[in-house]
$ cat entry04.txt   # compact mmCIF, C-alpha atoms
# COMPACT_ATOMS: atom_id res chain seq x y z
CA MET A 1 24.63 -47.18 -62.27
CA THR A 2 26.22 -44.25 -60.48
CA ASP A 3 26.45 -42.46 -63.86
CA THR A 4 22.70 -42.04 -63.96
CA PHE A 5 22.26 -41.88 -60.24
CA GLU A 6 20.82 -38.61 -58.99
CA PRO A 7 20.87 -38.52 -55.22
CA GLU A 8 17.83 -37.44 -53.30
CA ILE A 9 18.94 -35.28 -50.43
CA VAL A 10 16.96 -33.80 -47.59
CA ALA A 11 18.35 -30.72 -45.87
CA PHE A 12 16.84 -29.59 -42.59
CA CYS A 13 17.64 -25.88 -42.54
CA CYS A 14 17.13 -23.56 -39.63
CA HIS A 15 15.02 -20.51 -40.29
CA TYR A 16 17.53 -18.00 -38.96
CA CYS A 17 20.76 -19.04 -40.68
CA ALA A 18 20.85 -21.88 -43.20
CA TYR A 19 17.44 -21.18 -44.71
CA THR A 20 18.25 -17.50 -44.97
CA ALA A 21 21.60 -18.45 -46.51
CA ALA A 22 19.70 -20.51 -49.10
CA ASP A 23 17.57 -17.47 -49.77
CA MET A 24 20.73 -15.41 -50.09
CA ALA A 25 22.10 -17.93 -52.60
CA GLY A 26 18.91 -17.46 -54.59
CA SER A 27 19.10 -13.66 -54.44
CA LYS A 28 22.68 -13.80 -55.63
CA ARG A 29 21.72 -16.19 -58.43
CA ILE A 30 24.15 -18.82 -57.16
CA SER A 31 22.92 -22.18 -58.31
CA TYR A 32 22.97 -25.33 -56.26
CA PRO A 33 21.90 -28.86 -57.18
CA PRO A 34 18.16 -29.47 -57.35
CA ASN A 35 18.81 -32.78 -55.59
CA VAL A 36 18.67 -30.95 -52.28
CA LYS A 37 15.16 -30.68 -50.89
CA ILE A 38 14.97 -28.14 -48.10
CA ILE A 39 12.80 -28.52 -45.04
CA ARG A 40 12.68 -25.34 -43.03
CA VAL A 41 12.72 -25.74 -39.27
CA PRO A 42 12.54 -22.97 -36.64
CA CYS A 43 15.87 -24.17 -35.21
CA THR A 44 18.03 -27.23 -35.86
CA GLY A 45 17.38 -28.07 -32.21
CA LYS A 46 13.89 -28.98 -33.42
CA VAL A 47 15.30 -31.76 -35.62
CA ASP A 48 15.00 -35.04 -33.81
CA ALA A 49 16.85 -38.25 -34.64
CA ILE A 50 13.59 -39.78 -35.86
CA HIS A 51 13.16 -37.05 -38.51
CA ILE A 52 16.53 -37.94 -40.00
CA MET A 53 15.86 -41.67 -39.77
CA LYS A 54 12.44 -41.34 -41.41
CA ALA A 55 13.90 -39.33 -44.27
CA LEU A 56 16.38 -42.14 -44.92
CA GLU A 57 13.78 -44.84 -44.42
CA LYS A 58 11.45 -43.16 -46.92
CA GLY A 59 14.11 -43.06 -49.61
CA ALA A 60 16.54 -40.18 -49.09
CA ASP A 61 20.10 -41.06 -50.08
CA GLY A 62 21.53 -38.46 -47.76
CA VAL A 63 20.36 -36.04 -45.10
CA TYR A 64 22.05 -32.99 -43.69
CA VAL A 65 21.11 -30.66 -40.92
CA ALA A 66 22.19 -27.09 -41.55
CA GLY A 67 22.19 -24.69 -38.63
CA CYS A 68 23.81 -21.53 -37.37
CA LEU A 69 27.52 -21.23 -36.70
CA GLU A 70 28.57 -22.51 -33.30
CA GLY A 71 27.81 -19.87 -30.69
CA ASP A 72 25.41 -18.05 -33.01
CA CYS A 73 22.28 -20.16 -32.58
CA HIS A 74 19.20 -17.94 -32.29
CA PHE A 75 18.03 -20.26 -29.51
CA LYS A 76 21.52 -20.47 -27.97
CA THR A 77 22.31 -24.20 -28.19
CA GLY A 78 19.89 -25.69 -30.72
CA ASN A 79 22.70 -26.33 -33.23
CA ILE A 80 24.81 -28.06 -30.57
CA ARG A 81 21.91 -30.34 -29.70
CA ALA A 82 21.35 -31.05 -33.38
CA ALA A 83 25.03 -31.96 -33.82
CA HIS A 84 24.71 -34.47 -30.96
CA ARG A 85 21.62 -35.99 -32.53
CA VAL A 86 23.32 -36.25 -35.90
CA ARG A 87 26.18 -38.14 -34.24
CA ARG A 88 23.67 -40.44 -32.58
CA VAL A 89 21.99 -41.20 -35.92
CA GLN A 90 25.40 -41.77 -37.51
CA SER A 91 26.27 -44.39 -34.91
CA LEU A 92 22.86 -46.04 -35.26
CA LEU A 93 23.32 -46.19 -39.03
CA GLU A 94 26.74 -47.73 -38.55
CA GLU A 95 25.15 -50.41 -36.39
CA ILE A 96 22.73 -51.40 -39.15
CA GLY A 97 25.35 -51.27 -41.89
CA VAL A 98 24.41 -47.98 -43.56
CA GLU A 99 27.24 -45.52 -44.26
CA PRO A 100 27.19 -42.89 -41.45
CA GLY A 101 28.48 -40.33 -43.96
CA ARG A 102 25.00 -40.16 -45.44
CA VAL A 103 24.12 -37.89 -42.54
CA GLU A 104 25.96 -34.71 -41.69
CA MET A 105 25.73 -31.58 -39.58
CA ILE A 106 26.70 -28.33 -41.27
CA THR A 107 26.81 -24.81 -39.92
CA MET A 108 26.70 -21.42 -41.64
CA SER A 109 25.55 -17.88 -41.06
CA ALA A 110 22.59 -16.18 -42.73
CA GLY A 111 24.89 -14.25 -45.06
CA MET A 112 26.77 -17.28 -46.38
CA GLY A 113 24.86 -17.83 -49.61
CA GLU A 114 28.01 -19.10 -51.32
CA ARG A 115 28.67 -21.53 -48.51
CA PHE A 116 25.11 -22.83 -48.71
CA ALA A 117 25.47 -23.52 -52.41
CA LYS A 118 28.94 -25.05 -52.02
CA THR A 119 27.73 -27.25 -49.18
CA ALA A 120 24.79 -28.43 -51.29
CA ARG A 121 27.15 -29.19 -54.18
CA ASP A 122 29.75 -30.94 -52.01
CA PHE A 123 27.23 -33.03 -50.12
CA THR A 124 25.44 -34.03 -53.33
CA GLU A 125 28.79 -35.07 -54.80
CA LYS A 126 29.69 -37.01 -51.68
CA ILE A 127 26.41 -38.93 -51.80
CA ARG A 128 26.83 -39.47 -55.53
CA GLN A 129 30.17 -41.13 -54.74
CA LEU A 130 28.58 -43.25 -52.01
CA GLY A 131 25.88 -44.35 -54.44
CA PRO A 132 22.19 -44.97 -53.83
CA SER A 133 21.12 -45.70 -50.30
CA PRO A 134 21.37 -49.45 -49.66
CA VAL A 135 17.96 -49.27 -48.02
CA LYS A 136 16.33 -47.82 -51.11
CA THR A 137 18.16 -50.09 -53.54
CA ALA A 138 17.28 -53.28 -51.70
CA ALA A 139 13.66 -52.23 -51.25
CA ARG A 140 13.35 -51.40 -54.96
CA ASP A 141 14.91 -54.72 -56.01
CA PHE A 142 12.61 -56.51 -53.62
CA ARG A 143 9.55 -54.78 -55.13
CA ARG A 144 10.76 -55.65 -58.63
CA ARG A 145 11.16 -59.30 -57.67
CA ALA A 146 7.71 -59.30 -56.08
CA VAL A 147 6.11 -57.86 -59.26
CA SER A 148 7.87 -60.30 -61.60
CA MET B 1 14.14 -44.31 -11.68
CA ILE B 2 15.17 -47.61 -13.20
CA THR B 3 17.70 -46.85 -15.90
CA ALA B 4 18.41 -48.82 -19.03
CA VAL B 5 20.40 -48.66 -22.25
CA ARG B 6 19.47 -50.04 -25.62
CA LYS B 7 21.04 -53.33 -26.53
CA PRO B 8 23.39 -53.41 -29.52
CA MET B 9 21.40 -53.58 -32.77
CA GLU B 10 23.15 -56.81 -33.70
CA GLU B 11 21.69 -58.53 -30.64
CA ILE B 12 18.20 -57.12 -31.20
CA ILE B 13 18.25 -58.06 -34.87
CA ALA B 14 19.33 -61.63 -34.04
CA CYS B 15 16.32 -61.97 -31.70
CA VAL B 16 13.66 -60.72 -34.12
CA GLU B 17 15.11 -61.96 -37.42
CA PRO B 18 13.16 -65.24 -37.53
CA TYR B 19 9.83 -63.42 -37.34
CA ASP B 20 7.78 -61.35 -39.78
CA ARG B 21 5.50 -59.40 -37.45
CA ILE B 22 6.89 -57.72 -34.39
CA LEU B 23 5.06 -55.89 -31.67
CA LEU B 24 7.49 -53.27 -30.37
CA VAL B 25 6.40 -52.09 -26.95
CA GLY B 26 7.77 -49.06 -25.11
CA CYS B 27 7.05 -47.83 -21.61
CA ASN B 28 6.13 -44.30 -20.56
CA GLU B 29 7.75 -44.56 -17.14
CA CYS B 30 11.42 -44.78 -16.10
CA VAL B 31 12.82 -45.85 -19.47
CA SER B 32 11.11 -42.86 -21.08
CA VAL B 33 12.77 -40.51 -18.62
CA CYS B 34 16.20 -42.02 -19.19
CA SER B 35 15.61 -41.98 -22.98
CA ALA B 36 16.02 -45.72 -23.40
CA GLY B 37 12.59 -47.09 -24.17
CA GLY B 38 9.93 -44.41 -24.44
CA ARG B 39 7.84 -43.45 -27.45
CA LYS B 40 10.75 -41.72 -29.18
CA GLU B 41 13.13 -44.62 -28.73
CA VAL B 42 10.45 -47.04 -29.93
CA ALA B 43 10.05 -45.02 -33.13
CA LEU B 44 13.81 -44.84 -33.63
CA LEU B 45 14.33 -48.56 -33.11
CA ALA B 46 11.40 -49.39 -35.40
CA SER B 47 12.90 -47.17 -38.10
CA ALA B 48 16.35 -48.73 -37.70
CA LEU B 49 14.89 -52.24 -37.86
CA HIS B 50 12.80 -51.33 -40.91
CA MET B 51 15.89 -50.05 -42.68
CA HIS B 52 17.98 -53.06 -41.72
CA PHE B 53 15.40 -55.54 -42.99
CA MET B 54 14.67 -53.49 -46.13
CA LYS B 55 18.39 -53.78 -46.86
CA GLN B 56 18.02 -57.54 -46.59
CA GLY B 57 15.06 -57.41 -48.97
CA LYS B 58 12.66 -58.36 -46.22
CA THR B 59 9.53 -56.50 -45.22
CA MET B 60 9.19 -56.54 -41.47
CA ASP B 61 5.81 -55.62 -40.05
CA ILE B 62 6.57 -53.65 -36.89
CA ARG B 63 3.73 -52.34 -34.80
CA GLU B 64 4.70 -49.66 -32.26
CA ILE B 65 2.91 -49.24 -28.96
CA THR B 66 4.04 -47.40 -25.86
CA LEU B 67 2.22 -48.34 -22.69
CA GLU B 68 1.72 -46.06 -19.74
CA ARG B 69 3.49 -48.58 -17.52
CA GLN B 70 4.72 -51.98 -18.58
CA CYS B 71 5.17 -53.37 -15.06
CA ASP B 72 1.45 -53.19 -14.28
CA PRO B 73 -0.92 -55.92 -15.52
CA GLU B 74 -3.69 -53.35 -16.08
CA TYR B 75 -1.68 -51.54 -18.74
CA VAL B 76 -0.17 -54.69 -20.24
CA GLU B 77 -3.75 -55.86 -20.81
CA GLU B 78 -4.02 -53.12 -23.46
CA LEU B 79 -1.85 -55.24 -25.74
CA VAL B 80 -4.45 -57.96 -25.97
CA THR B 81 -5.78 -56.81 -29.35
CA SER B 82 -2.34 -56.29 -30.88
CA VAL B 83 -0.61 -59.44 -29.68
CA ASP B 84 -2.61 -61.74 -31.97
CA GLY B 85 -1.33 -59.97 -35.05
CA SER B 86 2.30 -60.41 -34.09
CA ASP B 87 4.75 -63.30 -34.07
CA ALA B 88 6.95 -61.93 -31.28
CA ILE B 89 7.09 -59.07 -28.81
CA LEU B 90 10.09 -56.79 -28.46
CA SER B 91 9.99 -54.80 -25.25
CA MET B 92 11.90 -51.61 -24.56
CA ALA B 93 10.90 -51.57 -20.88
CA CYS B 94 13.06 -52.60 -17.95
CA GLY B 95 13.22 -56.25 -16.94
CA CYS B 96 10.08 -55.81 -14.82
CA GLY B 97 8.07 -54.79 -17.87
CA VAL B 98 9.44 -57.58 -20.04
CA GLN B 99 8.50 -60.14 -17.39
CA THR B 100 5.00 -58.71 -16.91
CA ILE B 101 4.40 -59.11 -20.64
CA ALA B 102 5.93 -62.59 -20.68
CA ALA B 103 3.68 -63.66 -17.81
CA ARG B 104 0.53 -62.32 -19.49
CA TYR B 105 1.17 -63.45 -23.08
CA ARG B 106 2.64 -66.88 -22.56
CA GLU B 107 2.15 -68.01 -26.15
CA LYS B 108 4.35 -65.27 -27.64
CA PRO B 109 8.13 -65.04 -27.44
CA VAL B 110 9.20 -61.84 -25.69
CA PHE B 111 12.62 -60.23 -26.16
CA PRO B 112 14.21 -57.35 -24.27
CA ALA B 113 15.54 -54.52 -26.44
CA VAL B 114 17.29 -52.79 -23.54
CA ASN B 115 19.66 -53.79 -20.78
CA THR B 116 18.21 -52.76 -17.44
CA THR B 117 21.09 -51.12 -15.65
CA PHE B 118 20.50 -49.58 -12.23
CA MET B 119 18.29 -47.49 -9.97
CA GLY B 120 19.60 -44.01 -10.45
CA ALA B 121 19.05 -40.31 -10.53
CA SER B 122 19.58 -37.75 -13.22
CA GLU B 123 22.75 -35.68 -12.69
CA ARG B 124 22.11 -33.45 -15.67
CA GLN B 125 20.60 -33.93 -19.12
CA GLY B 126 21.85 -37.21 -20.54
CA VAL B 127 23.75 -38.30 -17.42
CA TRP B 128 22.35 -40.78 -14.91
CA SER B 129 24.16 -42.21 -11.90
CA GLU B 130 23.50 -45.13 -9.63
CA ARG B 131 22.00 -44.03 -6.33
CA CYS B 132 20.23 -47.03 -4.79
CA GLN B 133 20.66 -50.78 -4.71
CA GLY B 134 17.41 -51.55 -2.93
CA CYS B 135 19.15 -53.16 0.07
CA GLY B 136 15.89 -53.10 1.98
CA ASP B 137 17.29 -51.36 5.06
CA CYS B 138 17.97 -47.73 4.24
CA VAL B 139 20.86 -46.02 6.06
CA LEU B 140 20.64 -42.64 4.32
CA GLY B 141 19.40 -41.08 7.56
CA ILE B 142 22.73 -41.70 9.24
CA THR B 143 25.05 -41.19 6.29
CA GLY B 144 24.02 -37.65 5.44
CA GLY B 145 21.80 -38.68 2.52
CA ILE B 146 24.60 -40.40 0.60
CA CYS B 147 24.33 -44.14 0.13
CA PRO B 148 27.45 -46.13 0.95
CA ILE B 149 25.92 -49.27 -0.58
CA ALA B 150 25.25 -47.80 -4.00
CA ARG B 151 28.01 -45.23 -4.17
CA CYS B 152 30.99 -46.80 -2.43
CA SER B 153 32.67 -49.25 -4.80
CA LYS B 154 33.28 -51.63 -1.89
CA ARG B 155 29.90 -51.03 -0.24
CA LEU B 156 31.76 -50.21 2.96
CA MET B 157 29.60 -49.44 5.95
CA ASN B 158 32.49 -47.78 7.76
CA GLY B 159 34.66 -45.79 5.40
CA PRO B 160 36.62 -44.44 3.78
CA CYS B 161 39.11 -47.10 2.84
CA GLY B 162 42.76 -46.54 1.97
CA GLY B 163 41.86 -46.15 -1.69
CA SER B 164 40.30 -42.75 -1.21
CA THR B 165 42.54 -40.06 -2.69
CA LYS B 166 41.64 -36.39 -2.85
CA GLY B 167 37.96 -37.28 -2.64
CA LYS B 168 38.12 -39.79 -5.46
CA CYS B 169 37.85 -43.57 -5.50
CA GLU B 170 40.79 -45.75 -6.41
CA ILE B 171 38.79 -47.56 -9.11
CA ASP B 172 38.53 -44.42 -11.23
CA ALA B 173 39.63 -40.83 -10.76
CA ASN B 174 36.22 -39.71 -12.03
CA VAL B 175 34.35 -41.60 -9.33
CA ASP B 176 33.68 -39.71 -6.11
CA CYS B 177 34.59 -41.45 -2.87
CA ALA B 178 31.18 -41.96 -1.25
CA TRP B 179 32.71 -41.75 2.22
CA GLN B 180 34.38 -38.44 1.38
CA LEU B 181 30.95 -37.19 0.29
CA ILE B 182 29.43 -38.52 3.49
CA TRP B 183 32.12 -36.79 5.56
CA ASP B 184 31.67 -33.49 3.71
CA ARG B 185 27.94 -33.63 4.13
CA LEU B 186 28.03 -34.56 7.82
CA LYS B 187 30.51 -31.74 8.39
CA ALA B 188 28.23 -29.27 6.64
CA LEU B 189 25.40 -30.42 8.89
CA GLY B 190 27.59 -30.10 11.98
CA LEU B 191 27.28 -33.84 12.56
CA GLU B 192 30.89 -34.88 11.86
CA ARG B 193 31.12 -36.80 15.14
CA ARG B 194 28.80 -39.35 13.56
CA ILE B 195 31.58 -40.60 11.30
CA GLU B 196 33.12 -42.24 14.36
CA ASP B 197 30.00 -44.26 15.14
CA ILE B 198 30.76 -47.79 14.05
CA MET B 199 28.03 -49.31 11.97
CA GLU B 200 27.50 -52.97 12.68
CA ALA B 201 27.75 -55.61 9.99
CA LYS B 202 24.80 -55.14 7.68
CA ASP B 203 22.02 -57.67 7.70
CA TRP B 204 21.79 -58.53 4.04
CA ARG B 205 18.72 -60.70 4.47
CA THR B 206 16.61 -57.68 3.55
CA SER B 207 18.55 -57.54 0.28
CA ARG B 208 19.01 -60.30 -2.30
CA ASP B 209 20.46 -62.66 0.31
CA GLY B 210 16.92 -63.44 1.36
CA GLY B 211 15.94 -64.58 -2.16
CA PRO B 212 13.44 -62.81 -4.44
CA ARG B 213 11.59 -60.20 -2.40
CA LYS B 214 7.92 -59.41 -2.22
CA ILE B 215 5.88 -56.67 -0.60
CA ILE B 216 2.39 -57.54 0.52
CA ARG B 217 0.26 -54.69 1.76
CA GLU B 218 -2.61 -56.33 3.54
CA ASP B 219 -4.72 -53.17 3.32
CA LEU B 220 -4.36 -53.08 -0.46
CA ALA B 221 -4.03 -56.71 -1.48
CA SER B 222 -7.27 -58.50 -1.99
$ encode --input "entry04.txt" --output "structure tokens"
Amino acid sequence: MTDTFEPEIVAFCCHYCAYTAADMAGSKRISYPPNVKIIRVPCTGKVDAIHIMKALEKGADGVYVAGCLEGDCHFKTGNIRAAHRVRRVQSLLEEIGVEPGRVEMITMSAGMGERFAKTARDFTEKIRQLGPSPVKTAARDFRRRAVS
Amino acid sequence: MITAVRKPMEEIIACVEPYDRILLVGCNECVSVCSAGGRKEVALLASALHMHFMKQGKTMDIREITLERQCDPEYVEELVTSVDGSDAILSMACGCGVQTIAARYREKPVFPAVNTTFMGASERQGVWSERCQGCGDCVLGITGGICPIARCSKRLMNGPCGGSTKGKCEIDANVDCAWQLIWDRLKALGLERRIEDIMEAKDWRTSRDGGPRKIIREDLAS
């Protein structure tokens, strides 16, 4: 199953660093997996735990929050707050039996196009190894059973 | 405020598992401020429960509502239209809210999703500390605004005890000795002589020793 499995990944990227890094990756013609769907946010501090949870609930296999390097947040501590929230979601996921590794906090500067692409590749690979989200798989099987 | 912390998911799941339709009720008051049971926490818990039950192949109908105040019958009345469509109620309010709901909707099982913890104040973002135990006979006026009941581990009325070391309590080096704080504060106010005034044994009848307490304001009660 994992051979044909293409993870769906949501990346919350801050406008000032990670999103600009993604743009940089594009300008430099560095490819990254199309599995990663970017949601631009003004700052990772804007990303609440519920946004990450909803992404997973609605079918994402993995979610990462990509912000500025520590100490470089445009809004001073937004990335630190985001990292705390990511940890909170990870522990909540652990409590309900979902791999906490499906959620991650990543930091980079606006000029790190290569890092953005590498991160996207690495995270996609990590989720590919983890397999489809157990939430999505069970829900799909349940729907199949209901139809048949 | 009354502080609370969410119960472990395992415990919450065990409570709601037998049901198909849950009414998840938050409270906009204290538990919102201490980030335990406000609108955000309701949404987060609902999402976690959805995911857990989806994993089990079960569709759980969870309706989210956050009341202005769960410990007031007027606000709890707002649930009247939603209660019928649910098999059980899961409350994220403090114990007062849970009991107000249980008293109003007797035909529905009500479960607490948080553990009500203490009456406290916010030290800084994300940190709350116990400040009051509702003893019913406030002594803050003579202890420099620091409560020996809530903040001294032994609830000593005449402290400090021998366990006070460098301003910290013997139970934990991170816990301030309340009587050291009282001394420091009285000294700053130029009232240090007060520390020598012996406080008499406290009359605990105004606290829990007198059984469940009630306030009746004749001018307000009808």
$ closest_atom_pairs --input "entry04.txt" --of "range 47-113 of chain A" --to "range 20-40 of chain A" --cutoff "9 Å" --atoms "all atoms listed in the file" --output "JSON lines"
{"residue": "A:Val63", "atom": "CA", "partner": "A:Val36", "partner_atom": "CA", "distance": 9.0}
{"residue": "A:Met108", "atom": "CA", "partner": "A:Ala21", "partner_atom": "CA", "distance": 7.7}
{"residue": "A:Ser109", "atom": "CA", "partner": "A:Ala21", "partner_atom": "CA", "distance": 6.8}
{"residue": "A:Ala110", "atom": "CA", "partner": "A:Ala21", "partner_atom": "CA", "distance": 4.5}
{"residue": "A:Gly111", "atom": "CA", "partner": "A:Ala21", "partner_atom": "CA", "distance": 5.5}
{"residue": "A:Met112", "atom": "CA", "partner": "A:Ala21", "partner_atom": "CA", "distance": 5.3}
{"residue": "A:Gly113", "atom": "CA", "partner": "A:Ala25", "partner_atom": "CA", "distance": 4.1}
$ residues_around --input "entry04.txt" --residues "Glu29 in chain B" --least-positions-apart "3" --cutoff "10 Å" --atoms "all atoms listed in the file" --output "list in words"
Met1, Ile2, Gly26, Ser32, Val33, Cys34, Gly37, Gly38, Thr66, Leu67, Glu68, Arg69, Gln70, Cys71, Ala93 and Cys94 of chain B
$ closest_atom_pairs --input "entry04.txt" --of "range 39-107 of chain A" --to "range 120-129 of chain A" --cutoff "12 Å" --atoms "all atoms listed in the file" --output "JSON lines"
{"residue": "A:Ala60", "atom": "CA", "partner": "A:Ile127", "partner_atom": "CA", "distance": 10.3}
{"residue": "A:Asp61", "atom": "CA", "partner": "A:Ile127", "partner_atom": "CA", "distance": 6.9}
{"residue": "A:Gly62", "atom": "CA", "partner": "A:Ile127", "partner_atom": "CA", "distance": 6.4}
{"residue": "A:Val63", "atom": "CA", "partner": "A:Phe123", "partner_atom": "CA", "distance": 9.0}
{"residue": "A:Tyr64", "atom": "CA", "partner": "A:Phe123", "partner_atom": "CA", "distance": 8.3}
{"residue": "A:Val65", "atom": "CA", "partner": "A:Ala120", "partner_atom": "CA", "distance": 11.2}
{"residue": "A:Ala66", "atom": "CA", "partner": "A:Ala120", "partner_atom": "CA", "distance": 10.2}
{"residue": "A:Glu99", "atom": "CA", "partner": "A:Ile127", "partner_atom": "CA", "distance": 10.0}
{"residue": "A:Pro100", "atom": "CA", "partner": "A:Ile127", "partner_atom": "CA", "distance": 11.1}
{"residue": "A:Gly101", "atom": "CA", "partner": "A:Ile127", "partner_atom": "CA", "distance": 8.2}
{"residue": "A:Arg102", "atom": "CA", "partner": "A:Ile127", "partner_atom": "CA", "distance": 6.6}
{"residue": "A:Val103", "atom": "CA", "partner": "A:Phe123", "partner_atom": "CA", "distance": 9.5}
{"residue": "A:Glu104", "atom": "CA", "partner": "A:Phe123", "partner_atom": "CA", "distance": 8.7}
{"residue": "A:Met105", "atom": "CA", "partner": "A:Phe123", "partner_atom": "CA", "distance": 10.7}
{"residue": "A:Ile106", "atom": "CA", "partner": "A:Phe123", "partner_atom": "CA", "distance": 10.0}
$ residues_around --input "entry04.txt" --residues "Leu189 in chain B" --least-positions-apart "4" --cutoff "9 Å" --atoms "all atoms listed in the file" --output "number ranges by chain"
B: 144, 184-185
$ write_last_selection --input "entry04.txt" --atoms "C-alpha atoms" --output "CSV table (one decimal), keeping the file's coordinate frame"
chain,number,residue,atom,x,y,z
B,144,GLY,CA,24.0,-37.6,5.4
B,184,ASP,CA,31.7,-33.5,3.7
B,185,ARG,CA,27.9,-33.6,4.1
$ closest_atom_pairs --input "entry04.txt" --of "chain A" --to "chain B" --cutoff "12 Å" --atoms "only C-alpha atoms" --output "CSV"
residue,atom,partner,partner_atom,distance
A:Asp48,CA,B:Lys40,CA,9.2
A:Ala49,CA,B:Leu44,CA,7.3
A:Ile50,CA,B:Leu44,CA,5.5
A:His51,CA,B:Leu44,CA,9.2
A:Ile52,CA,B:Leu44,CA,9.8
A:Met53,CA,B:Ser47,CA,6.5
A:Lys54,CA,B:Ser47,CA,6.7
A:Ala55,CA,B:Ser47,CA,10.0
A:Leu56,CA,B:Met51,CA,8.2
A:Glu57,CA,B:Met51,CA,5.9
A:Lys58,CA,B:Met51,CA,9.2
A:Gly59,CA,B:Met51,CA,10.0
A:Ala60,CA,B:Met51,CA,11.8
A:Arg81,CA,B:Gln125,CA,11.2
A:His84,CA,B:Gly126,CA,11.1
A:Arg85,CA,B:Leu44,CA,11.9
A:Arg88,CA,B:Leu44,CA,10.8
A:Val89,CA,B:Leu44,CA,9.2
A:Gln90,CA,B:Ala48,CA,11.4
A:Ser91,CA,B:Met9,CA,10.6
A:Leu92,CA,B:Ala48,CA,7.5
A:Leu93,CA,B:Ala48,CA,7.5
A:Glu94,CA,B:Met9,CA,9.8
A:Glu95,CA,B:Met9,CA,6.1
A:Ile96,CA,B:His52,CA,5.7
A:Gly97,CA,B:His52,CA,7.6
A:Val98,CA,B:His52,CA,8.4
A:Pro132,CA,B:Lys55,CA,11.9
A:Ser133,CA,B:Lys55,CA,9.2
A:Pro134,CA,B:Lys55,CA,6.0
A:Val135,CA,B:Lys55,CA,4.7
A:Lys136,CA,B:Lys55,CA,7.6
A:Thr137,CA,B:Lys55,CA,7.6
A:Ala138,CA,B:Lys55,CA,5.0
A:Ala139,CA,B:Met54,CA,5.4
A:Arg140,CA,B:Gly57,CA,8.7
A:Asp141,CA,B:Gly57,CA,7.5
A:Phe142,CA,B:Gly57,CA,5.3
A:Arg143,CA,B:Gly57,CA,8.7
A:Arg144,CA,B:Gly57,CA,10.7
A:Arg145,CA,B:Gly57,CA,9.7
A:Ala146,CA,B:Gly57,CA,10.4
$ atom_distance --input "entry04.txt" --atom1 "CA of Arg21 in chain B" --atom2 "CA of Lys108 in chain B"
11.5 Å
$ residues_around --input "entry04.txt" --residues "Glu130 in chain B" --least-positions-apart "5" --cutoff "7 Å" --atoms "all atoms listed in the file" --output "ChimeraX atom specification"
/B:118-121,150
$ residues_around --input "entry04.txt" --residues "Glu200 in chain B" --least-positions-apart "4" --cutoff "12 Å" --atoms "all atoms listed in the file" --output "ChimeraX atom specification"
/B:139,156-158,204
$ atom_distance --input "entry04.txt" --atom1 "CA of Ser207 in chain B" --atom2 "CA of Asp137 in chain B"
7.9 Å
$ residues_around --input "entry04.txt" --residues "His15 in chain A" --least-positions-apart "4" --cutoff "6 Å" --atoms "all atoms listed in the file" --output "PyMOL selection string"
chain A and resi 19+41-42
$ atom_distance --input "entry04.txt" --atom1 "CA of His74 in chain A" --atom2 "CA of Cys17 in chain A"
8.6 Å
$ build_atoms --input "entry04.txt" --residues "range 176-187 of chain B" --atoms "N, CA and C atoms" --output "PDB file, in the frame of the given file"
ATOM      1  N   ASP B 176      33.562 -40.309  -7.443  1.00  0.00           N
ATOM      2  CA  ASP B 176      33.680 -39.710  -6.110  1.00  0.00           C
ATOM      3  C   ASP B 176      33.770 -40.803  -5.057  1.00  0.00           C
ATOM      4  N   CYS B 177      34.565 -40.551  -4.020  1.00  0.00           N
ATOM      5  CA  CYS B 177      34.590 -41.450  -2.870  1.00  0.00           C
ATOM      6  C   CYS B 177      33.314 -41.159  -2.073  1.00  0.00           C
ATOM      7  N   ALA B 178      32.464 -42.172  -1.936  1.00  0.00           N
ATOM      8  CA  ALA B 178      31.180 -41.960  -1.250  1.00  0.00           C
ATOM      9  C   ALA B 178      31.423 -41.523   0.192  1.00  0.00           C
ATOM     10  N   TRP B 179      32.471 -42.088   0.813  1.00  0.00           N
ATOM     11  CA  TRP B 179      32.710 -41.750   2.220  1.00  0.00           C
ATOM     12  C   TRP B 179      33.278 -40.338   2.379  1.00  0.00           C
ATOM     13  N   GLN B 180      33.960 -39.849   1.373  1.00  0.00           N
ATOM     14  CA  GLN B 180      34.380 -38.440   1.380  1.00  0.00           C
ATOM     15  C   GLN B 180      33.127 -37.559   1.308  1.00  0.00           C
ATOM     16  N   LEU B 181      32.198 -37.951   0.422  1.00  0.00           N
ATOM     17  CA  LEU B 181      30.950 -37.190   0.290  1.00  0.00           C
ATOM     18  C   LEU B 181      30.168 -37.205   1.600  1.00  0.00           C
ATOM     19  N   ILE B 182      30.153 -38.393   2.224  1.00  0.00           N
ATOM     20  CA  ILE B 182      29.430 -38.520   3.490  1.00  0.00           C
ATOM     21  C   ILE B 182      30.068 -37.614   4.554  1.00  0.00           C
ATOM     22  N   TRP B 183      31.394 -37.638   4.602  1.00  0.00           N
ATOM     23  CA  TRP B 183      32.120 -36.790   5.560  1.00  0.00           C
ATOM     24  C   TRP B 183      31.808 -35.316   5.307  1.00  0.00           C
ATOM     25  N   ASP B 184      31.921 -34.906   4.054  1.00  0.00           N
ATOM     26  CA  ASP B 184      31.670 -33.490   3.710  1.00  0.00           C
ATOM     27  C   ASP B 184      30.257 -33.074   4.113  1.00  0.00           C
ATOM     28  N   ARG B 185      29.343 -33.945   3.854  1.00  0.00           N
ATOM     29  CA  ARG B 185      27.940 -33.630   4.130  1.00  0.00           C
ATOM     30  C   ARG B 185      27.682 -33.582   5.649  1.00  0.00           C
ATOM     31  N   LEU B 186      28.219 -34.552   6.360  1.00  0.00           N
ATOM     32  CA  LEU B 186      28.030 -34.560   7.820  1.00  0.00           C
ATOM     33  C   LEU B 186      28.660 -33.309   8.440  1.00  0.00           C
ATOM     34  N   LYS B 187      29.817 -32.930   7.903  1.00  0.00           N
ATOM     35  CA  LYS B 187      30.510 -31.740   8.390  1.00  0.00           C
ATOM     36  C   LYS B 187      29.650 -30.490   8.156  1.00  0.00           C
TER      37      LYS B 187
END
